[in-house]
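Note sheet for the following structure.
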Amino acid sequence: MITKDQVVSAQKKWGEGVVKIGSLKDQRQECETFTSAFLDELYGFELGTVLFKPTKCALEQFRPSKADATSYFIAGDDRACDEDHGFAIQPWTKVRFENTNIITEENRAIAMGNYFFTDLNGDEAKVEYTFGYKLVDGALKIDVHHSSFPYNPAPLDA
């Protein structure tokens with residue numbers, strides 16, 4: 001049975017990895033190597049379908065492959081999606097999760113809530129997320145990743 005502590009640990013590792021990617025933005029080769037290892041360790045692209053809908057994308061909303069995810073995280077001249085600017089190379093100094101709840105089962109867990117990204121000025125960006133995890137050889141692998149900015153309705157006419 002997957003535990004909530006395992007999910008929280010996986011979230012911590014994900015947040016630390018995003019911060020590390022940003023810290024490497026000026027060492028491109030190291031950044032690419034780390035991002036590849038980060039995606040291999042935390043996502044299940046090698047297992048089959050990964051449902052990945054990142055926050056900052058409009059034209060190509062879904063990223064079903066490791067190459068697409070890499071493009072979203074670090075962009076670069078060889079990016080898979082032209083709209084990508086490298087979300088993770090912002091850089092961010094901290095990522096924290098606030099889980100609304102976590103559902104755990106024997107080999108699957110789903111977490112939903114808000115996560116907050118702190119930039120170099122100390123400003124936080126609030127993003128809504130849902131992550132699905134699959135237990136593989138004792139480790140959690142993300143196979144569902146959906147994130148979006150909170151709903152911001154247009155002002156009502158007076």
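Identifiers in this document derive from the order of the structure tokens: chains are assigned A, B, ..., residues are numbered from 1 separately in each chain, and ligands are numbered from 1 in order of occurrence.
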Selection: 10 Å around Gly138 of chain A, only C-alpha atoms, excl. self and same-chain fewer than 5 positions, as a PyMOL selection string: chain A and resi 2+6+107
For the residues in the current selection, export C-alpha atoms as a PDB file, in the first residue's frame.
```pdb
ATOM      1  CA  ILE A   2       1.353   3.407  -0.978  1.00  0.00           C
ATOM      2  CA  GLN A   6       5.652   8.374   0.160  1.00  0.00           C
ATOM      3  CA  ASN A 107      -0.034   0.521  -6.433  1.00  0.00           C
TER       4      ASN A 107
END
```
Near segment 47-52 of chain A, 12 Å: segment 121-149 of chain A residue rows, closest pairs, only C-alpha atoms, as a Markdown table:
```
| residue | atom | partner | partner_atom | distance |
| --- | --- | --- | --- | --- |
| A:Tyr129 | CA | A:Phe52 | CA | 11.0 |
| A:Thr130 | CA | A:Phe52 | CA | 10.1 |
| A:Phe131 | CA | A:Phe52 | CA | 9.2 |
| A:Gly132 | CA | A:Leu51 | CA | 9.0 |
| A:Tyr133 | CA | A:Val50 | CA | 10.2 |
| A:Lys134 | CA | A:Leu47 | CA | 9.9 |
| A:Leu135 | CA | A:Leu47 | CA | 11.3 |
| A:Val136 | CA | A:Leu47 | CA | 9.2 |
| A:Asp137 | CA | A:Leu47 | CA | 11.9 |
| A:Lys141 | CA | A:Leu47 | CA | 9.3 |
| A:Ile142 | CA | A:Val50 | CA | 7.5 |
| A:Asp143 | CA | A:Val50 | CA | 4.4 |
| A:Val144 | CA | A:Leu51 | CA | 4.7 |
| A:His145 | CA | A:Phe52 | CA | 4.7 |
| A:His146 | CA | A:Phe52 | CA | 5.9 |
| A:Ser147 | CA | A:Phe52 | CA | 8.6 |
| A:Ser148 | CA | A:Phe52 | CA | 11.5 |
```
Nearby residues (only C-alpha atoms) at most 12 Å from Gln11 of chain A, same-chain spacing under 2 positions excluded, as number ranges by chain: A: 4-9, 13-18, 42-43, 95-99, 102, 110-116, 129-133, 140-142, 145
I need the residues from that last selection saved to file as a compact mmCIF listing (two decimals), in the first residue's frame (with C-alpha atoms), if you can.
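Heads up, here's the output in part-v9.txt:
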```
# COMPACT_ATOMS: atom_id res chain seq x y z
CA LYS A 4 0.77 9.51 2.09
CA ASP A 5 4.33 9.97 3.36
CA GLN A 6 5.65 8.37 0.16
CA VAL A 7 3.62 10.85 -1.91
CA VAL A 8 4.82 13.81 0.15
CA SER A 9 8.41 12.56 -0.25
CA LYS A 13 11.91 15.40 -4.56
CA TRP A 14 10.02 16.89 -7.54
CA GLY A 15 10.19 20.41 -6.08
CA GLU A 16 13.88 20.10 -5.26
CA GLY A 17 14.53 18.84 -8.79
CA VAL A 18 12.77 21.84 -10.35
CA LEU A 42 10.21 10.79 -11.37
CA TYR A 43 8.06 10.17 -14.46
CA VAL A 95 8.60 24.81 -4.49
CA ARG A 96 6.08 23.89 -1.83
CA PHE A 97 3.01 21.68 -2.08
CA GLU A 98 -0.27 22.17 -0.22
CA ASN A 99 -2.26 19.00 -0.73
CA ILE A 102 -4.21 12.35 -1.33
CA ILE A 110 -3.43 10.62 -6.67
CA ALA A 111 -2.67 13.98 -5.07
CA MET A 112 -4.45 17.27 -5.74
CA GLY A 113 -3.95 20.76 -4.40
CA ASN A 114 -1.88 23.88 -4.97
CA TYR A 115 1.82 24.21 -5.36
CA PHE A 116 3.73 27.41 -5.00
CA TYR A 129 -2.14 20.52 -9.68
CA THR A 130 -3.19 16.91 -9.87
CA PHE A 131 -0.45 14.26 -9.91
CA GLY A 132 -1.06 10.55 -10.37
CA TYR A 133 1.59 8.12 -9.18
CA LEU A 140 6.62 6.35 -7.21
CA LYS A 141 6.51 7.35 -10.87
CA ILE A 142 4.31 10.16 -12.15
CA HIS A 145 0.54 15.53 -14.26
```
Point-to-point distance in Å for atom CA of Asp84 of chain A and atom CA of Arg63 of chain A: 11.3 Å
Test item: residues at most 6 Å from segment 21-34 of chain A, only C-alpha atoms, excluding those fewer than 5 positions along its chain, as a ChimeraX atom specification: /A:88-89,91
Let me see the file: selected residues, C-alpha atoms, as a PDB file, in the first residue's frame.
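Saved as out.pdb:
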```pdb
ATOM      1  CA  ALA A  88      12.024  25.144 -14.746  1.00  0.00           C
ATOM      2  CA  ILE A  89      14.890  27.447 -15.730  1.00  0.00           C
ATOM      3  CA  PRO A  91      14.767  29.926 -11.967  1.00  0.00           C
TER       4      PRO A  91
END
```
Selected residue of minimal separation from Phe87 of chain A among A:Ala10, A:Val19, A:Leu156, A:Leu120, counting only C-alpha atoms: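 The closest residue to Phe87 of chain A is A:Val19.
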Residue set, segment 3-107 of chain A restricted to helix (DSSP H, G or I), as number ranges by chain: A: 4-23, 28-42, 45-47, 66-74, 87-89
Go ahead and save the picked residues with N, CA and C atoms, as a short mmCIF file (atom, residue, chain, number, x, y, z; two decimals), in the first residue's frame.
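The resulting selection-v7.cif:
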```cif
data_model
loop_
_atom_site.label_atom_id
_atom_site.label_comp_id
_atom_site.auth_asym_id
_atom_site.auth_seq_id
_atom_site.Cartn_x
_atom_site.Cartn_y
_atom_site.Cartn_z
N LYS A 4 0.76 8.06 2.33
CA LYS A 4 0.77 9.51 2.09
C LYS A 4 2.18 10.06 2.26
N ASP A 5 2.95 9.51 3.18
CA ASP A 5 4.33 9.97 3.36
C ASP A 5 5.17 9.73 2.11
N GLN A 6 4.94 8.63 1.41
CA GLN A 6 5.65 8.37 0.16
C GLN A 6 5.31 9.44 -0.89
N VAL A 7 4.04 9.82 -0.95
CA VAL A 7 3.62 10.85 -1.91
C VAL A 7 4.26 12.18 -1.55
N VAL A 8 4.22 12.55 -0.28
CA VAL A 8 4.82 13.81 0.15
C VAL A 8 6.33 13.81 -0.14
N SER A 9 6.98 12.68 0.06
CA SER A 9 8.41 12.56 -0.25
C SER A 9 8.66 12.73 -1.75
N ALA A 10 7.81 12.13 -2.58
CA ALA A 10 7.95 12.28 -4.04
C ALA A 10 7.73 13.73 -4.45
N GLN A 11 6.79 14.41 -3.81
CA GLN A 11 6.55 15.82 -4.12
C GLN A 11 7.76 16.67 -3.74
N LYS A 12 8.34 16.38 -2.59
CA LYS A 12 9.53 17.12 -2.14
C LYS A 12 10.67 16.93 -3.15
N LYS A 13 10.86 15.69 -3.59
CA LYS A 13 11.91 15.40 -4.56
C LYS A 13 11.65 16.13 -5.88
N TRP A 14 10.38 16.18 -6.31
CA TRP A 14 10.02 16.89 -7.54
C TRP A 14 10.35 18.38 -7.40
N GLY A 15 9.93 18.99 -6.30
CA GLY A 15 10.19 20.41 -6.08
C GLY A 15 11.67 20.72 -6.03
N GLU A 16 12.43 19.90 -5.33
CA GLU A 16 13.88 20.10 -5.26
C GLU A 16 14.51 19.94 -6.63
N GLY A 17 14.00 19.03 -7.43
CA GLY A 17 14.53 18.84 -8.79
C GLY A 17 14.27 20.04 -9.67
N VAL A 18 13.08 20.64 -9.57
CA VAL A 18 12.77 21.84 -10.35
C VAL A 18 13.71 22.98 -9.96
N VAL A 19 13.96 23.14 -8.66
CA VAL A 19 14.88 24.18 -8.19
C VAL A 19 16.29 23.90 -8.73
N LYS A 20 16.73 22.66 -8.69
CA LYS A 20 18.07 22.28 -9.18
C LYS A 20 18.20 22.56 -10.68
N ILE A 21 17.16 22.25 -11.45
CA ILE A 21 17.21 22.53 -12.89
C ILE A 21 17.46 24.02 -13.12
N GLY A 22 16.74 24.87 -12.42
CA GLY A 22 16.92 26.30 -12.56
C GLY A 22 18.31 26.77 -12.16
N SER A 23 18.89 26.13 -11.17
CA SER A 23 20.23 26.51 -10.72
C SER A 23 21.29 26.17 -11.76
N ARG A 28 24.45 24.61 -19.57
CA ARG A 28 23.44 23.92 -20.39
C ARG A 28 23.60 22.40 -20.41
N GLN A 29 24.81 21.92 -20.61
CA GLN A 29 24.99 20.47 -20.70
C GLN A 29 24.63 19.79 -19.38
N GLU A 30 25.06 20.36 -18.27
CA GLU A 30 24.71 19.82 -16.96
C GLU A 30 23.19 19.87 -16.74
N CYS A 31 22.59 20.97 -17.17
CA CYS A 31 21.15 21.15 -17.03
C CYS A 31 20.40 20.07 -17.82
N GLU A 32 20.83 19.81 -19.04
CA GLU A 32 20.19 18.78 -19.86
C GLU A 32 20.35 17.39 -19.23
N THR A 33 21.55 17.11 -18.75
CA THR A 33 21.83 15.81 -18.14
C THR A 33 20.98 15.61 -16.89
N PHE A 34 20.95 16.64 -16.03
CA PHE A 34 20.15 16.53 -14.81
C PHE A 34 18.66 16.39 -15.13
N THR A 35 18.16 17.19 -16.08
CA THR A 35 16.74 17.14 -16.42
C THR A 35 16.36 15.77 -16.96
N SER A 36 17.22 15.18 -17.78
CA SER A 36 16.95 13.84 -18.30
C SER A 36 16.85 12.83 -17.15
N ALA A 37 17.78 12.90 -16.21
CA ALA A 37 17.76 11.98 -15.07
C ALA A 37 16.54 12.23 -14.18
N PHE A 38 16.19 13.51 -13.99
CA PHE A 38 15.01 13.91 -13.22
C PHE A 38 13.75 13.29 -13.82
N LEU A 39 13.58 13.43 -15.13
CA LEU A 39 12.40 12.87 -15.80
C LEU A 39 12.40 11.35 -15.73
N ASP A 40 13.56 10.72 -15.89
CA ASP A 40 13.64 9.26 -15.81
C ASP A 40 13.29 8.76 -14.42
N GLU A 41 13.74 9.47 -13.39
CA GLU A 41 13.51 9.03 -12.02
C GLU A 41 12.07 9.26 -11.57
N LEU A 42 11.49 10.40 -11.95
CA LEU A 42 10.21 10.79 -11.37
C LEU A 42 8.99 10.54 -12.25
N PHE A 45 7.63 7.70 -18.24
CA PHE A 45 7.59 7.67 -19.70
C PHE A 45 8.02 6.31 -20.27
N GLU A 46 8.95 5.65 -19.60
CA GLU A 46 9.43 4.36 -20.10
C GLU A 46 8.42 3.24 -19.88
N LEU A 47 7.39 3.50 -19.08
CA LEU A 47 6.40 2.47 -18.74
C LEU A 47 5.20 2.45 -19.67
N LYS A 66 8.82 12.02 -23.26
CA LYS A 66 9.92 12.60 -22.49
C LYS A 66 10.50 13.81 -23.23
N ALA A 67 10.62 13.74 -24.54
CA ALA A 67 11.14 14.88 -25.32
C ALA A 67 10.24 16.10 -25.17
N ASP A 68 8.93 15.89 -25.17
CA ASP A 68 7.99 17.00 -24.98
C ASP A 68 8.11 17.58 -23.57
N ALA A 69 8.26 16.72 -22.57
CA ALA A 69 8.41 17.19 -21.19
C ALA A 69 9.73 17.95 -21.02
N THR A 70 10.79 17.44 -21.63
CA THR A 70 12.08 18.12 -21.57
C THR A 70 11.97 19.51 -22.18
N SER A 71 11.30 19.60 -23.30
CA SER A 71 11.08 20.88 -23.96
C SER A 71 10.37 21.85 -23.03
N TYR A 72 9.35 21.38 -22.33
CA TYR A 72 8.61 22.24 -21.43
C TYR A 72 9.49 22.70 -20.26
N PHE A 73 10.24 21.79 -19.67
CA PHE A 73 11.05 22.12 -18.51
C PHE A 73 12.23 23.02 -18.83
N ILE A 74 12.95 22.76 -19.95
CA ILE A 74 14.18 23.53 -20.19
C ILE A 74 14.27 24.17 -21.58
N PHE A 87 10.11 26.39 -18.41
CA PHE A 87 9.46 26.65 -17.13
C PHE A 87 10.41 26.50 -15.95
N ALA A 88 11.20 25.44 -15.93
CA ALA A 88 12.02 25.14 -14.75
C ALA A 88 13.30 25.97 -14.68
N ILE A 89 13.68 26.62 -15.78
CA ILE A 89 14.89 27.45 -15.73
C ILE A 89 14.56 28.90 -15.41
#
```
Between atom CA of Gln61 of chain A and atom CA of Glu128 of chain A, distance in Å (one decimal):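 That distance, rounded to one decimal, is 15.6 Å.
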For atom CA of Lys53 of chain A and atom CA of Ser65 of chain A, the interatomic separation in Å (one decimal):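 Value for the atom CA of Lys53 of chain A-atom CA of Ser65 of chain A distance: 11.3 Å.
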